[in-house]
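Visitor: Quick one: this structure, given as structure tokens, is what I'll be asking you about.
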Amino acid sequence: MLIGGSLAFFMVLTEYILVSATSAITVTIAGVVKEAVTILVAVFYFHDEFTWLKGVGLTTTMVGVSLFNWYKYEKFKKGQINEDGVDSPSFSGDAKYIILDDLEDEDGFLDEDT
């Protein structure tokens with residue numbers, strides 16, 4: 001139970017860091033790709049039946065992800081604009097992790113007391 005809880009905690013922490021560094025749409029697209037990979041693993045590894053409905057869904061998913069990536073790439077070439085249409089500065093990684101910085105400050109505070 002401790003291993004499962006730790007895995008879940010680090011999965012949520014990773015998702016939080018990913019969303020703060022990119023956007024919620026990136027996590028959504030990653031989830032869609034994960035589902036497509038799950039279908040492919042089920043078909044090839046577990047020998048599940050691959051119906052025409054699964055094929056249409058998988059094709060639709062891959063076309064949608066490809067179109068979204070193409071759209072984001074074209075938008076990136078024209079200038080870095082996020083989903084809200086607001087210019088976004090390049091990501092430096094410093095100001096995004098306030099919670100982690102607060103933990104470092106608390107550690108410094110405890111070291112000063114001793």
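Convention: chains lettered A, B, ... in structure tokens order; per-chain residue numbering from 1; ligands numbered from 1 as shown.
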I'd like the neighbourhood of Glu35 of chain A as a PyMOL selection string, where a residue qualifies if any of its atoms comes within 12 Å (using only C-alpha atoms), though same-chain residues fewer than 4 positions away should be ignored.

Guide: chain A and resi 28-31+39-42+54+57-58+61-62

Visitor: Generate the output file for the selected residues, N, CA and C atoms, as a PDB file, in the first residue's frame.

Guide:
```
ATOM      1  N   THR A  28      -3.851  16.756 -21.299  1.00  0.00           N
ATOM      2  CA  THR A  28      -4.976  16.103 -21.955  1.00  0.00           C
ATOM      3  C   THR A  28      -4.515  15.320 -23.181  1.00  0.00           C
ATOM      4  N   ILE A  29      -3.660  15.922 -23.989  1.00  0.00           N
ATOM      5  CA  ILE A  29      -3.134  15.242 -25.184  1.00  0.00           C
ATOM      6  C   ILE A  29      -2.309  14.035 -24.768  1.00  0.00           C
ATOM      7  N   ALA A  30      -1.517  14.166 -23.721  1.00  0.00           N
ATOM      8  CA  ALA A  30      -0.734  13.015 -23.237  1.00  0.00           C
ATOM      9  C   ALA A  30      -1.658  11.895 -22.772  1.00  0.00           C
ATOM     10  N   GLY A  31      -2.779  12.227 -22.151  1.00  0.00           N
ATOM     11  CA  GLY A  31      -3.747  11.218 -21.731  1.00  0.00           C
ATOM     12  C   GLY A  31      -4.376  10.510 -22.909  1.00  0.00           C
ATOM     13  N   ILE A  39      -4.625   0.739 -25.957  1.00  0.00           N
ATOM     14  CA  ILE A  39      -5.359  -0.085 -26.926  1.00  0.00           C
ATOM     15  C   ILE A  39      -4.386  -0.928 -27.740  1.00  0.00           C
ATOM     16  N   LEU A  40      -3.298  -0.326 -28.193  1.00  0.00           N
ATOM     17  CA  LEU A  40      -2.322  -1.071 -28.991  1.00  0.00           C
ATOM     18  C   LEU A  40      -1.663  -2.186 -28.185  1.00  0.00           C
ATOM     19  N   VAL A  41      -1.344  -1.924 -26.929  1.00  0.00           N
ATOM     20  CA  VAL A  41      -0.750  -2.962 -26.070  1.00  0.00           C
ATOM     21  C   VAL A  41      -1.752  -4.088 -25.847  1.00  0.00           C
ATOM     22  N   ALA A  42      -3.014  -3.741 -25.628  1.00  0.00           N
ATOM     23  CA  ALA A  42      -4.037  -4.768 -25.425  1.00  0.00           C
ATOM     24  C   ALA A  42      -4.185  -5.652 -26.657  1.00  0.00           C
ATOM     25  N   LYS A  54     -12.726   0.093 -32.750  1.00  0.00           N
ATOM     26  CA  LYS A  54     -11.447   0.466 -32.128  1.00  0.00           C
ATOM     27  C   LYS A  54     -10.520   1.101 -33.158  1.00  0.00           C
ATOM     28  N   GLY A  57     -11.705   4.658 -33.823  1.00  0.00           N
ATOM     29  CA  GLY A  57     -11.371   5.491 -32.673  1.00  0.00           C
ATOM     30  C   GLY A  57      -9.883   5.799 -32.595  1.00  0.00           C
ATOM     31  N   LEU A  58      -9.065   4.782 -32.855  1.00  0.00           N
ATOM     32  CA  LEU A  58      -7.612   4.979 -32.815  1.00  0.00           C
ATOM     33  C   LEU A  58      -7.157   5.922 -33.925  1.00  0.00           C
ATOM     34  N   THR A  61      -8.215   9.458 -33.055  1.00  0.00           N
ATOM     35  CA  THR A  61      -7.344   9.978 -31.996  1.00  0.00           C
ATOM     36  C   THR A  61      -6.000  10.420 -32.563  1.00  0.00           C
ATOM     37  N   MET A  62      -5.392   9.580 -33.373  1.00  0.00           N
ATOM     38  CA  MET A  62      -4.076   9.911 -33.919  1.00  0.00           C
ATOM     39  C   MET A  62      -4.140  11.110 -34.868  1.00  0.00           C
TER      40      MET A  62
END
```

Visitor: Nearest to Val32 of chain A among A:Lys77, A:Asp48, A:Thr14, A:Phe68, with distances taken over only C-alpha atoms: which residue is it?

Guide: A:Phe68

Visitor: Atom CA of Lys75 of chain A and atom CA of Ser23 of chain A are how many Å apart?

Guide: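 Between these atoms lies a distance of 14.8 Å.
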
Visitor: Can you pull out the residues contacting segment 63-65 of chain A? Cut-off 8 Å, using only C-alpha atoms, and skip same-chain residues under 4 positions away; I want them as JSON, numbers by chain.

Guide: {"A": [29, 33, 59, 69]}

Visitor: Please measure the separation of atom CA of Ala36 of chain A and atom CA of Leu67 of chain A, giving the value in Å to one decimal.

Guide: 15.7 Å

Visitor: What does the distance from atom CA of Lys72 of chain A to atom CA of Ile17 of chain A come to in Å, to one decimal?

Guide: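 Pair atom CA of Lys72 of chain A / atom CA of Ile17 of chain A returns 20.3 Å.
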